[in-house]
Each structure stands twice: as structure tokens, then as C-alpha cells.
Amino acid sequence: MVRFIIVRVLGAIVVVWIVSVVTFLIFQLGPTLTHTSPVYYYVGKIPPTAEGLKLLTDRFGFNLPLYAQYWHFLSGILFGQSITDGVSAPIPCPSPCFGYSFRQNELVGNMLLQAAPVSISLAAGAAILWLIGGVTVGTISALRPGSVIDRIGMTGSLAAVSLPIFFTGPILLLIFEYQLGWLPDVAYAPISQDPLQWLKSMILPWIALAFLFAALYARLTRSNMLETMGEDYIRTARAKGLSQRTVVLKHGLRAALTPIVTIFGIDVGTLIGTTVITETVFNLRGLGFLSIQSIQNEDLPVIMGVTIVAAVALVIANLIVDILYAVIDPRVTV
Amino acid sequence: MSLPKGELEVVGESEQVALDSSEQGPRSIAGRSLWAIAWRRLRRNKAALVSGVIIIILVIVAVFAGVLTNLYGHSYLTQHNTAPNSLLDPATNMPLGAFGGISSTHWLGVTPVLGQDILSMLMFGARSSLIIASLSTALSLLLGVSLGLIAGYFRGWADTVISRTMDVLLSFPTLLLSISLITVVSFITTSLLVRFCVIIFVLGFFGFPYIGRIVRGQVLSIREKEFVDAARSLGASNGWIMAKEIIPNVIGPILVYTTLTIPNYMLGEAGLSYLGVGLNPPTASWGQMLSDAGNYFQIDPMYLFLPGLAIFISVMAFNIFGDGLRDALDPKSTR
Amino acid sequence: MKIKIKGIAVISVVVAGALLLAGCASGGTSGGSSSSGSSTFNEAVDGVVNPSTVQGGTLKLLSSTDCDSWDPARTYYGWCWNMQRIFTRSLIGYKTVNGTTPVLAPDLATTMGTHNADFTKWTYTLKSGLKWSDGKPITTMDVKYGIERLFAQDVINGGPSSYFLATIAHPANYAGPYKDGDLSSIQTTSDTITFNLSTPYSDFNYLMAMSAASPVPYKTEGGTGFVGANYTKHPMASGPYEIQSYTPNQSITFVRNKYWKQSTDTIRHPLASKIVLTIDSSAADIDSKLKAGTYDARADNSIGTTLQQQILTQPALKKYADNPTTAFTRYFSIAPSVIPNVYCREAIFYATNKAALVQAFGGTTAGTAAGSMTPPTIAGHSDTANMYPDGANNTGNIKAAKAALVKCGKPTGFSTKLAYNTPSETGPKVFSAMQTALARVGITVTAAPAATASYYSTYIGSPANIKNQGLGIAVAAWGADFPTGYGFWNSIANGASIIPTGNTDYPSLNDPTVNKILDAAPAGKATDADFRTLDDAVMKQAVYLPILFGKSLYYRNPRLTNVTSDNALAFGLYDFVNVGVGGK
């Protein structure tokens, strides 16, 4: 078991490392192929003069070979580093240090910390909604397969999967914010500061995102339930005279839910840092918003930071699920 | 995660499993009669049939978009934005008339600002959408089937390398890498062909491990069946066994997967275009229309509604059809 | 190039001249009545809406993004220059900001700068009794230090440093005060400061009116931890307001600076006791808050499409809106390196449908079709000049275009690419409109969209890239950083300013007539008539195809008093430092 976990953790680290190399190369590629100094992408809108170009090249180490630049970045994450702003005493940036955004004049780590709560709020809230909604619809459908309710539930969920958020999002906004005026001000506020405003700002994005996932979970729950309810031990339970309610909730649902919970873990992990469209549609300044913004700005340190955080979230989710599986299911080779 | 689904991010680990779960066990023996049974079942599924018809119409519209818009009489490239031919309110730039300028000449109205015909734009959008979705699905199939087959059939180190690679790809923050890649390529060239190719590549390439895993799993169990052993003991070559014994038995799941992947990639293209890293004008794209409509949705909601509906109907049709196909091919299905 | 955020990027230069409106009007006594006086559409453009002297209250502003920087040396957004006016002062300032003739006045200095005969030495005397918001006196060393910082390009980047680097004499490798100490070409006494220039520069007062030229506390800057690049997080105030709190990308709050004295300031007449700027990245959200009256004005840009539509169709709202002319020109750069034959370029000029382009940029409230490059606020502007007449409705002159194509030797047309920046709401529409217009004469255009972040610096800002990628036509915009003929033209038309990357003379225009006037101008030897000649000479080359003179649409809360447009610094946004809220 220990060996299994070690192998898996090592594998996860390799994945994150590959992601960091690929991202780094993608963004070194553009400037190199167009014969432009990466400084221009680094500093943004106002290009430096010839002397400025030299100063900045030195400061950011763009005159170093590629591997050295990459190592500088990687060692910052592993061991931390101190960032100099060219003037005052160096700013300590402990591990994991993602570097410094010259564009934003801020440590990338701070930007990630500022954005992460938004994305986590979004993913967590939506996850709760879709889990409850999806499992409920799926269970009801499975109990009466072929009935009108089943058909409505399943067709509805097929419809929901077919609706992109950049379509449902504006429609939700149009109805609830602008037409009905129920949510006049949807600016995000941290839950610790203003829970009510936080809720207001999150409710529509949650609904939009949960809608999509709930549909998948409903279908999944239904098929798992149908299968479970056909098993012998359910028949036995029924034969023992247990009530339908007990059979469904205690025996059927529990068995049907086990695989769903694992998938749930992976789905939530996937969402951290990748809810680009939801955050764009609803103007939430989370990790997804940060990523698209920094890609548009070609702000390499921030892109690297967001990508790695997203990869780590995904890998950890996978890892936990893998290990849980190994614990629960003895057939997994350990 | 693959790119699919409405939020590109919503990728479907769950969906994946939903698909797997119905695929249990190969239907080894059935042979031709299975297809006959499946077809009979499919014919009985009215929703799937209607969806099939919608898909056929969609394909016809996409293929003959040029001819159809000629018959209809309006190219989406024509702008009705300056006097005396303007269809827009000169002060606000918004379409004149109710519901985004719907009229007997412009059946679905015109766009704000430029006054382009929405119906013909939707038709050409269907073409972009289908080209990208089908070619990237083809790429996923090519990679997924061949690698899955190799991994499952030969096992050993080939399996290890391929499976690990697929695992790594599945743990990538694919969406971010895709956006980055497309952005960087756009520094180098603005060629439309290259743009199409890059979009097809990111959708198809990052999506192949899903089909790869399914094929591998199927092949793994099929290769242990008696009829494969029999062929082997009769001295059949690996190539012959793969072509004659294995592939015919995995076609069913591949077909189902294909029908369900196309709509995902349609959503993928729309999402990328929505984010501004997909197709650019003058190439029509539903996602790009939605992105633009987001600027005016309070004033001209029809402009948002129409491309959204186009995406919805197309994707839904593929999903229902794929669903029906899966049920039809599933021996356990009660239908 | 001051930058306007929306739409095309702009490099716009702003001019500085504000009109004076505020000065006279608000100082005057209009009886202190507060809000809800009468108001008409466009009233703030040339006049003052609701003149008042009522003090107090909180001015609530919205913007869709944070400033590029709050460090006065590092900002280039026009709206941020307008925000700088709230809390920083420089030797010279704009007394009048609205109308079409911005007027300079001494701000921290007692008088306008005095100069030697060839404009290479400028001297200013500092007013006495000036204090920072921490109570320490503002010294000539602080002024000098503020300018020296601009030379530290590896730390202080993003602002209009290049003007100062190009004019102030300095050793070749001077890298700012952090590495190389003080600069000997700037001499100070206890109350005077003298700048020795490397080249004549008659517009130097305009440079001194930029926030980039404002003082920064010598060496200590914003205090421990707020030095160099971090000064943006805690810039010191010399103006009537100081920063009370600032959360990047969320909000910034200004309160009155008790060390600022009205007696030392003839430009600002602050009324509100507090100014809060809240960042809300949804344009639709901003529109609905403005309409509801819960916020007073949008600080960074034109109002959004939704509110614009409501304003234009509802007179009750329209009277609280203004549509000032802004000091920038949107144009296409037509590259001779890609389209060498002047007649082929002329064919593009004639075939262009400016009416459709104005639509694509947002309609008549976004600007009026331009016949030449010089915008209305700049010397040499002409309302009638148009070397390439394009029909009664500005929809193009097909006949002339076809004739030009014949002269070019390509009677059936040719193909080229059109570059624009993305993502942008207007870029794709401008492309589509242009493609349709040119197709009328057989000129085929394909799209070359490029990321906004590097569009101006390395995409169309690189003459080699324009040539290699064949970008015959490129969307661009330009506004002067200060409102003189020289300020408008030098960066975009002087052959001497062409550089390999970060070029602003996109078509690489290098014309002797033009160069001669621009070389003579800094020595004070160019008249308004010369700039008219210059404009004609530029147009004759058929490389700058003007599209429109920009306008913006703004909305002010009915309760606001003393409102006027800031056309000098900020594309006609309201001059917030002088705006009152009727005490509430």
C-alpha cells in the first residue's frame, strides 16, 4: 500500500512537472519564432527604449540560456527565492514561489491567493448543488424506469448537457439581474466580509455551472441505481420485508453512490482554475479569469502560476480518488 | 479531461464513466445479427430518429450553405448598415423592427452594428462547427483507436508507455494549454487554414485518451476470448486477428463514442470562439456570434438567442441520437 | 500616446490643455445651489453643469479595470491621468480642460517655465508653503527625483518616459537614481529647478504638465516598502486629496489632504470630501448602477452599449449625458513596404466606406468621419480638408478608386491583409466593414488579428513584421499626449522616430517636407500654417488613412455639480477633482 501511494505521488509530481515544461515552452516559442525579445511581452503596452531593453533583459535573465531560465523558475517553486524590485531590499518569496508579474507589479503567489477563493467558492457551491440535484433526479428516474417522470428527467438532463454556459449565463443574467432586478449588484465579496453579498454574487454562476453537471450526474445515478436495484441482495432485502424507503436509501443508493463520489472528486478538482467561461460570463475574478487575462496579456509568470495550480488541483483530486479506490477495492493491484 | 461540454472545462469524467458503464462486456458472438437487431431497436426509438433527421438536415445545411444562402438571397457578408440600405437605427446601431429586425426578407433578423443577415450567418456557422467537430473527432479516433488497440493487444511495455501518456494527458489543464497554444500560434501566422488546424489539433489531440482508454479496455478483454485463441492457434497473424476479430467487436462502442464526441467538440469550438481564441471573422462561428451578442444582450436578446438555439438543437440532436444508438447496441437494453 | 482603454488601443496623446473652465466657473459664485439644476445634453463639453460651491459628500465612481498604475510615472491610461489630477500636482497643470483649447497654468511653479533663446534650458520657481500629505515640505529635490526615476527603465516602466529620456541631457548609461544617483543636468536651488536639455524643446511646459513629471519624495518615496516599483501601492499626495485606502482591482478611496492649501492652487477647487472609485468588470453592471443613480459616473470609459441605447432614445436621460470630441484620430496605416505603388494605396483611400466604419466603431456618438489626420484640438486641423473625396455620405468613391487601380496597373484589384487587435469588440467589425467596402473595387482583404498585448509594440510596431507578414492595412488610433502640432505628429510622422520595435510611425513615413517641419518645431520655428502644410504632405503620401475623429459618450448623475469635461487629459471624461455632489 505504501509503495502504491509513493508510486502514485511520484507520478503526480511528474505530471505537474511536464505541465510546467510544456507551458514554459509554449510561451518561449512565440517570441523566439518571431525574433522578438520576450521583454516586450513581459513589460506590456509601452515598449522600452534600447537602453531600457538592455536593463530589463538583465533584470529578468532573458540573456540566459532557456534551461537556466526554466531552472530559475522551477527552483523558485521548490526552494523559494528573493525577488528584487531593482530598488529596495529583496522581497522574500518563500516556496512555492511562482515569481513576480512585472505587468501587475505583484508577486504571482499573491495574485493566485486573491483569485483562489473565488474559484473555490464557485466550484464548491456548484458541486453541492449538482450533487444534490443530480442524485435526486437520477434516483427518482431509476425508481420508475420508463415512466413519464423518468422520461422528463432524462430528456431534461440531455437538454441541460447540450446548453453551453455562454448561452445560459447571459440568459440568467438577463432575467434575474436586469429584467426582474432581483440581484441588482453582483460584485463578488469574500464570504468572511459579507456572506450575503457573497451568496448573491455566486448564486447565478452556481446555477449555470451546476445545471450542466447535474445532468451528467442524474444520468449516472440512474444507470447505477438501475443496476444496483437489480442485484440479488436488494431482492433479499425486499424479501426480508424492509420498506421501500429503507431499501432505496440504505442499500440501493449507498451502493450506487460509491462510484459517483469518486468521480465527484475528480470533477471538483478539474474545476479549480479552469472555470474560464463561467468566470468570464459572470465577471468573477477567479483563477479562470486570471488565466485568460494573463494569456491575453502574455504575462508569462502568471500563466505559469495558474496553469500549475490547475494541474496540481487536478492531480491531487486524481490521486485521492486513486488511493481511496485502492483502500476500498482490494482488487486494485497494490 | 477533454475539452468538451458547454463550459469547456466541464469535462466529463462523469460522462466518461456514464459511457463506460453501458459498455460492459463485448458482444462477441452476435456478428451481423447484432446490427440488424440494433437497427430494429433504433427504428423504434422515435426521439433518436427525429434527432437523426435533424443531424442530416444540419449536414445538408453545412455542405450546401453557399447554395442555400444564394437561394435565400442574402449573404451574411453583406452589411445593411449605411443609408440608404440600412436596416439599423442610425442613432443606436441596433436593428430596426421587432425581435432583432425579423422580417419577410431577413427571416431571423440582422446583427446589430453591421446589419448582417443572421440566418445565412447561422448556416455558415454550422459549416464551421461541423468541419471542426468532425475532423477533430476523426483525429481523436485515429489516435485513440490505433493506440488503444496497440496497448490492449500487445500489452507489455507498449501498454505501459501508451497508458501512462494517456494518464498524463488526462491530468493536463487542457483548456489553459489550448488557449495558450492558439494564442502563441497567432503571433506567428494569421492564416485561416492554420487556425482551423490548430483548433482541430487541440480538440482532437487532448480528447483522444478517452477513446484510447475505452478501446484499450475492450481489446484487453476481447483478446482473451476463445475465438481469438482459436484464430491464433490456427496460425493467424497479429494483423489479421486485429483486423478480423478485434476491430469488428469494438466498432459498436466506437460508433457510440463518435456520436457523443462530435457535439462535445462543437461545444469546444464554440467555447474557444467565445473566448476569442477560436474562429475570427469573416469566418462565421456560432460561438463568435454568442460572444458578440453578449455586448448587446439587453437590447437585442434575439441575437443571443438564435445562435444559442442553433448550438442547443444541434448538440442535443447528436446527444439523443448517440444515446439511442447506445441503447440499441446494448444487449441488456430493454428497448 | 495616452491610452484609451476600449476599442482600439490607442495611443493617444493627450493634450494638455484643459480649458479653463473650472477655474473660473467654480471659483465664481454661482450661488451654491446644489444639484438638480437644469441640465442639457452636451452641457459639460464646453461649459460647467450646475456650478456650485457646496462642499462635502462622497463622489462615487466606477470603472471596469484598475489603473495601469497609481504611480504617477508609470501610468499611460488617459483616465488614470485624470485620476492623478485628484492627488498629484506637477510644476505646470491644465487650468482649462474642456472645449477645444486646453490652457496651461503654473501649478507647483510660480510661473510658466522660463527658457533660453534656443529652448534648451528651462527654469521653474517652486511656490512656497507646499506640503506633502505627511506634512513634509515639497522641495525642488523631490521634483528632480521624480524626473530621475523615469530613467530607471527596469523599474519604472509603462509611462511616457520616452519624452523625458529624449529631451533631458543625460550620460549615455544613466539608469536612474537607484543605480546611478543624481543627474547633474537638472540643477536645483532651494526654490528653483533648471533643466538642461539635449535638444531644443519648445513644448517643454507640456511635458512638465504630465503626471510623470510630478515630484516624488526624495529617496524615501512612499515610505518603507513603497519605493520603486511598489510606489504604486502608496503614492504620496501633493494635491487636494490623498489615498486613504487602496485594494488593487477592487477599490481606491480618496479623502481630503489636510496639508493641501487652496491658496497655493489655482487649478483645483475641490468640493467633495471623499472620492471612492469602485472597480466592476461588468460593463452592463456599471450601466445599470449609473442609471439607478447609486453611483455618480463612470471614470474610465464611455458608457456601455445598453445605457447608450437608453440615453439616445430617452430625452429624460439624454440631458444628463455628454458626447465630447476627444483628441484622437482613428486611422488605417497603409504600409508602402507592402503596397509600394501610391495609386494602389489611393485606391484603398477612395474605396473606403467611412460611414460604415463609423458605424462599426459604435455609430455617430463614437466619432465623425475624418478627411485628414489632425483632430480638432490640434493646430493645423481643418474641417474641410479631404484630399481623397469619398462621396457625399462618406461611403466611398468607387469611380475614383477604379481609376486609381488602373493607374496602379492593377485594374482588377489586388489582395492584402488587414491587421487588427483582438480580443476587441470593434476590431472584427471594422475588418468586416472594410472588407466589404474594398471588395467593391476588387481589392481582397484577409484578416490578420493579433493579441492586443503586443499589437502595438511588436506586431504593427515592428516595420519588419509588417513587411514579412504583408500587413498592408493596420487598424490604429492616435491621440497626442499633449495638444500641440509637434506633440501630435512627431512620433507618428518624423522619419527620425522610426525604430525596429515599438515603432509608432507604423507605415514608416519618412518624407522630407514632413521631417523638415518637425525638426524645426522644437526650436519654436513651426507655425500653425506649417502644420496644415504638414498634414497635406502626409496625406499626399497616402499612408495614413483617417477614419474618424473620436467622440465618447458619458453619463453624469443628476446630483453632480460643477461638472465639466476633461478633454485635455482624458478624452472628455469628467474633471473629477472639481466635481461636487451637493454636500451629500
# chains A, B, ... in the order shown; residues from 1 in each chain; ligands from 1
$ residues_around --residues "region 146-163 of chain A" --least-positions-apart "2" --cutoff "8 Å" --atoms "only C-alpha atoms" --output "list in words"
Val137, Gly138, Ile140, Ser141, Ala142, Arg144, Ile165, Phe167, Thr168, Phe211, Leu212, Phe213, Ala214, Ala215, Leu216, Ala218 and Arg219 of chain A; Lys5, Gly6, Gly308, Ile311, Phe312, Ile313, Val315, Met316, Asn319 and Ile320 of chain B
$ write_last_selection --atoms "N, CA and C atoms" --output "PDB file, in the first residue's frame"
ATOM      1  N   VAL A 137     -32.681  13.638  -9.004  1.00  0.00           N
ATOM      2  CA  VAL A 137     -33.359  13.365 -10.269  1.00  0.00           C
ATOM      3  C   VAL A 137     -33.048  11.949 -10.740  1.00  0.00           C
ATOM      4  N   GLY A 138     -31.769  11.567 -10.627  1.00  0.00           N
ATOM      5  CA  GLY A 138     -31.371  10.237 -11.081  1.00  0.00           C
ATOM      6  C   GLY A 138     -32.072   9.140 -10.314  1.00  0.00           C
ATOM      7  N   ILE A 140     -34.955   9.302  -8.586  1.00  0.00           N
ATOM      8  CA  ILE A 140     -36.386   9.258  -8.883  1.00  0.00           C
ATOM      9  C   ILE A 140     -36.619   8.578 -10.229  1.00  0.00           C
ATOM     10  N   SER A 141     -35.782   8.937 -11.211  1.00  0.00           N
ATOM     11  CA  SER A 141     -35.930   8.317 -12.530  1.00  0.00           C
ATOM     12  C   SER A 141     -35.728   6.813 -12.461  1.00  0.00           C
ATOM     13  N   ALA A 142     -34.726   6.409 -11.682  1.00  0.00           N
ATOM     14  CA  ALA A 142     -34.387   4.982 -11.651  1.00  0.00           C
ATOM     15  C   ALA A 142     -35.471   4.157 -10.973  1.00  0.00           C
ATOM     16  N   ARG A 144     -38.606   4.556 -11.205  1.00  0.00           N
ATOM     17  CA  ARG A 144     -39.731   4.290 -12.113  1.00  0.00           C
ATOM     18  C   ARG A 144     -39.230   4.345 -13.550  1.00  0.00           C
ATOM     19  N   ILE A 165     -22.600  27.256 -21.252  1.00  0.00           N
ATOM     20  CA  ILE A 165     -22.731  28.304 -20.235  1.00  0.00           C
ATOM     21  C   ILE A 165     -22.719  29.695 -20.827  1.00  0.00           C
ATOM     22  N   PHE A 167     -24.253  30.601 -23.168  1.00  0.00           N
ATOM     23  CA  PHE A 167     -25.615  30.888 -23.603  1.00  0.00           C
ATOM     24  C   PHE A 167     -26.535  31.004 -22.387  1.00  0.00           C
ATOM     25  N   THR A 168     -26.470  30.008 -21.486  1.00  0.00           N
ATOM     26  CA  THR A 168     -27.352  30.063 -20.309  1.00  0.00           C
ATOM     27  C   THR A 168     -26.961  31.212 -19.378  1.00  0.00           C
ATOM     28  N   PHE A 211     -26.092  23.158 -13.323  1.00  0.00           N
ATOM     29  CA  PHE A 211     -27.044  22.677 -14.308  1.00  0.00           C
ATOM     30  C   PHE A 211     -26.395  21.653 -15.218  1.00  0.00           C
ATOM     31  N   LEU A 212     -25.238  22.042 -15.720  1.00  0.00           N
ATOM     32  CA  LEU A 212     -24.512  21.219 -16.653  1.00  0.00           C
ATOM     33  C   LEU A 212     -24.091  19.889 -16.035  1.00  0.00           C
ATOM     34  N   PHE A 213     -23.536  19.991 -14.823  1.00  0.00           N
ATOM     35  CA  PHE A 213     -23.031  18.790 -14.181  1.00  0.00           C
ATOM     36  C   PHE A 213     -24.168  17.940 -13.629  1.00  0.00           C
ATOM     37  N   ALA A 214     -25.204  18.593 -13.122  1.00  0.00           N
ATOM     38  CA  ALA A 214     -26.315  17.850 -12.537  1.00  0.00           C
ATOM     39  C   ALA A 214     -26.871  16.881 -13.560  1.00  0.00           C
ATOM     40  N   ALA A 215     -26.922  17.337 -14.804  1.00  0.00           N
ATOM     41  CA  ALA A 215     -27.452  16.489 -15.857  1.00  0.00           C
ATOM     42  C   ALA A 215     -26.630  15.204 -15.979  1.00  0.00           C
ATOM     43  N   LEU A 216     -25.305  15.368 -15.955  1.00  0.00           N
ATOM     44  CA  LEU A 216     -24.444  14.185 -16.070  1.00  0.00           C
ATOM     45  C   LEU A 216     -24.628  13.260 -14.880  1.00  0.00           C
ATOM     46  N   ALA A 218     -27.229  13.021 -12.960  1.00  0.00           N
ATOM     47  CA  ALA A 218     -28.546  12.389 -12.961  1.00  0.00           C
ATOM     48  C   ALA A 218     -28.513  11.126 -13.801  1.00  0.00           C
ATOM     49  N   ARG A 219     -27.899  11.236 -14.963  1.00  0.00           N
ATOM     50  CA  ARG A 219     -27.838  10.066 -15.848  1.00  0.00           C
ATOM     51  C   ARG A 219     -27.014   8.950 -15.228  1.00  0.00           C
TER      52      ARG A 219
ATOM     53  N   LYS B   5     -17.958  19.794 -23.715  1.00  0.00           N
ATOM     54  CA  LYS B   5     -19.014  20.274 -22.845  1.00  0.00           C
ATOM     55  C   LYS B   5     -19.095  21.760 -22.892  1.00  0.00           C
ATOM     56  N   GLY B   6     -20.201  22.208 -22.370  1.00  0.00           N
ATOM     57  CA  GLY B   6     -20.562  23.588 -22.547  1.00  0.00           C
ATOM     58  C   GLY B   6     -19.575  24.527 -21.986  1.00  0.00           C
ATOM     59  N   GLY B 308     -27.512  30.597 -29.867  1.00  0.00           N
ATOM     60  CA  GLY B 308     -27.596  29.697 -28.721  1.00  0.00           C
ATOM     61  C   GLY B 308     -28.514  28.528 -29.037  1.00  0.00           C
ATOM     62  N   ILE B 311     -26.868  26.055 -31.461  1.00  0.00           N
ATOM     63  CA  ILE B 311     -25.956  25.151 -30.766  1.00  0.00           C
ATOM     64  C   ILE B 311     -26.758  24.107 -30.002  1.00  0.00           C
ATOM     65  N   PHE B 312     -27.748  24.582 -29.281  1.00  0.00           N
ATOM     66  CA  PHE B 312     -28.544  23.706 -28.434  1.00  0.00           C
ATOM     67  C   PHE B 312     -29.179  22.578 -29.250  1.00  0.00           C
ATOM     68  N   ILE B 313     -29.858  22.956 -30.335  1.00  0.00           N
ATOM     69  CA  ILE B 313     -30.562  21.939 -31.126  1.00  0.00           C
ATOM     70  C   ILE B 313     -29.579  20.937 -31.719  1.00  0.00           C
ATOM     71  N   VAL B 315     -26.461  20.130 -30.789  1.00  0.00           N
ATOM     72  CA  VAL B 315     -25.788  19.307 -29.788  1.00  0.00           C
ATOM     73  C   VAL B 315     -26.759  18.299 -29.188  1.00  0.00           C
ATOM     74  N   MET B 316     -27.956  18.768 -28.921  1.00  0.00           N
ATOM     75  CA  MET B 316     -28.986  17.899 -28.357  1.00  0.00           C
ATOM     76  C   MET B 316     -29.302  16.749 -29.325  1.00  0.00           C
ATOM     77  N   ASN B 319     -26.612  14.252 -29.138  1.00  0.00           N
ATOM     78  CA  ASN B 319     -26.657  13.541 -27.864  1.00  0.00           C
ATOM     79  C   ASN B 319     -27.779  12.515 -27.820  1.00  0.00           C
ATOM     80  N   ILE B 320     -28.963  12.909 -28.277  1.00  0.00           N
ATOM     81  CA  ILE B 320     -30.091  11.965 -28.239  1.00  0.00           C
ATOM     82  C   ILE B 320     -29.832  10.788 -29.177  1.00  0.00           C
TER      83      ILE B 320
END
$ interface_residues --of "chain C" --to "chain B" --cutoff "10 Å" --atoms "only C-alpha atoms" --output "number ranges by chain"
C: 283-284, 304-313, 353-365, 393-395, 417, 419, 422-433, 435-437, 446-451, 454-455, 458-459, 465, 469
$ select_by_dssp --residues "region 239-445 of chain C" --states "strand (DSSP E or B)" --output "number ranges by chain"
C: 241-247, 251-256, 274-279, 297-298, 321-322, 325-334, 367-369, 415-422, 444-445
$ select_by_dssp --residues "region 118-248 of chain C" --states "helix (DSSP H, G or I)" --output "number ranges by chain"
C: 140-149, 161-167, 177-180, 204-208, 211-213, 228-233
$ closest_residue --among "A:Leu66, A:Leu74, A:Leu53, A:Val315" --to "chain B" --atoms "only C-alpha atoms"
A:Val315
$ atom_distance --atom1 "CA of Pro47 (chain A)" --atom2 "CA of Arg330 (chain C)"
20.9 Å
$ atom_distance --atom1 "CA of Lys584 (chain C)" --atom2 "CA of Leu59 (chain C)"
8.8 Å
$ decode --residues "region 46-94 of chain B" --atoms "C-alpha atoms" --output "PDB file, in the first residue's frame"
ATOM      1  CA  LYS B  46     -38.709   7.998 -32.201  1.00  0.00           C
ATOM      2  CA  ALA B  47     -36.601  10.596 -30.435  1.00  0.00           C
ATOM      3  CA  ALA B  48     -33.440   9.132 -31.911  1.00  0.00           C
ATOM      4  CA  LEU B  49     -34.966   9.051 -35.366  1.00  0.00           C
ATOM      5  CA  VAL B  50     -36.055  12.670 -35.170  1.00  0.00           C
ATOM      6  CA  SER B  51     -32.556  13.537 -33.996  1.00  0.00           C
ATOM      7  CA  GLY B  52     -31.098  11.608 -36.892  1.00  0.00           C
ATOM      8  CA  VAL B  53     -33.201  13.655 -39.274  1.00  0.00           C
ATOM      9  CA  ILE B  54     -32.050  16.865 -37.600  1.00  0.00           C
ATOM     10  CA  ILE B  55     -28.449  15.760 -37.965  1.00  0.00           C
ATOM     11  CA  ILE B  56     -28.965  15.010 -41.636  1.00  0.00           C
ATOM     12  CA  ILE B  57     -30.545  18.423 -42.157  1.00  0.00           C
ATOM     13  CA  LEU B  58     -27.643  20.019 -40.308  1.00  0.00           C
ATOM     14  CA  VAL B  59     -25.134  18.269 -42.509  1.00  0.00           C
ATOM     15  CA  ILE B  60     -27.014  19.282 -45.639  1.00  0.00           C
ATOM     16  CA  VAL B  61     -27.122  22.905 -44.473  1.00  0.00           C
ATOM     17  CA  ALA B  62     -23.413  22.834 -43.709  1.00  0.00           C
ATOM     18  CA  VAL B  63     -22.429  21.263 -47.011  1.00  0.00           C
ATOM     19  CA  PHE B  64     -24.706  23.404 -49.140  1.00  0.00           C
ATOM     20  CA  ALA B  65     -24.513  26.613 -47.103  1.00  0.00           C
ATOM     21  CA  GLY B  66     -23.400  28.569 -50.173  1.00  0.00           C
ATOM     22  CA  VAL B  67     -26.161  27.242 -52.431  1.00  0.00           C
ATOM     23  CA  LEU B  68     -28.825  27.652 -49.773  1.00  0.00           C
ATOM     24  CA  THR B  69     -27.903  31.230 -48.931  1.00  0.00           C
ATOM     25  CA  ASN B  70     -27.919  32.024 -52.640  1.00  0.00           C
ATOM     26  CA  LEU B  71     -31.432  30.656 -52.918  1.00  0.00           C
ATOM     27  CA  TYR B  72     -32.440  32.583 -49.838  1.00  0.00           C
ATOM     28  CA  GLY B  73     -30.891  35.671 -51.352  1.00  0.00           C
ATOM     29  CA  HIS B  74     -28.660  37.062 -48.617  1.00  0.00           C
ATOM     30  CA  SER B  75     -25.001  36.521 -47.956  1.00  0.00           C
ATOM     31  CA  TYR B  76     -24.024  37.005 -44.355  1.00  0.00           C
ATOM     32  CA  LEU B  77     -21.124  39.110 -45.595  1.00  0.00           C
ATOM     33  CA  THR B  78     -23.490  41.756 -46.935  1.00  0.00           C
ATOM     34  CA  GLN B  79     -23.847  44.618 -44.499  1.00  0.00           C
ATOM     35  CA  HIS B  80     -27.010  46.628 -44.189  1.00  0.00           C
ATOM     36  CA  ASN B  81     -25.530  49.376 -42.102  1.00  0.00           C
ATOM     37  CA  THR B  82     -25.375  52.540 -44.158  1.00  0.00           C
ATOM     38  CA  ALA B  83     -28.056  54.602 -45.800  1.00  0.00           C
ATOM     39  CA  PRO B  84     -29.952  54.093 -47.967  1.00  0.00           C
ATOM     40  CA  ASN B  85     -29.917  50.328 -47.395  1.00  0.00           C
ATOM     41  CA  SER B  86     -29.579  50.424 -43.655  1.00  0.00           C
ATOM     42  CA  LEU B  87     -31.645  48.102 -41.512  1.00  0.00           C
ATOM     43  CA  LEU B  88     -30.300  49.690 -38.351  1.00  0.00           C
ATOM     44  CA  ASP B  89     -31.417  52.563 -36.203  1.00  0.00           C
ATOM     45  CA  PRO B  90     -28.855  55.216 -37.154  1.00  0.00           C
ATOM     46  CA  ALA B  91     -28.580  56.536 -33.598  1.00  0.00           C
ATOM     47  CA  THR B  92     -28.195  53.304 -31.681  1.00  0.00           C
ATOM     48  CA  ASN B  93     -26.845  50.911 -34.324  1.00  0.00           C
ATOM     49  CA  MET B  94     -29.464  48.345 -33.324  1.00  0.00           C
TER      50      MET B  94
END
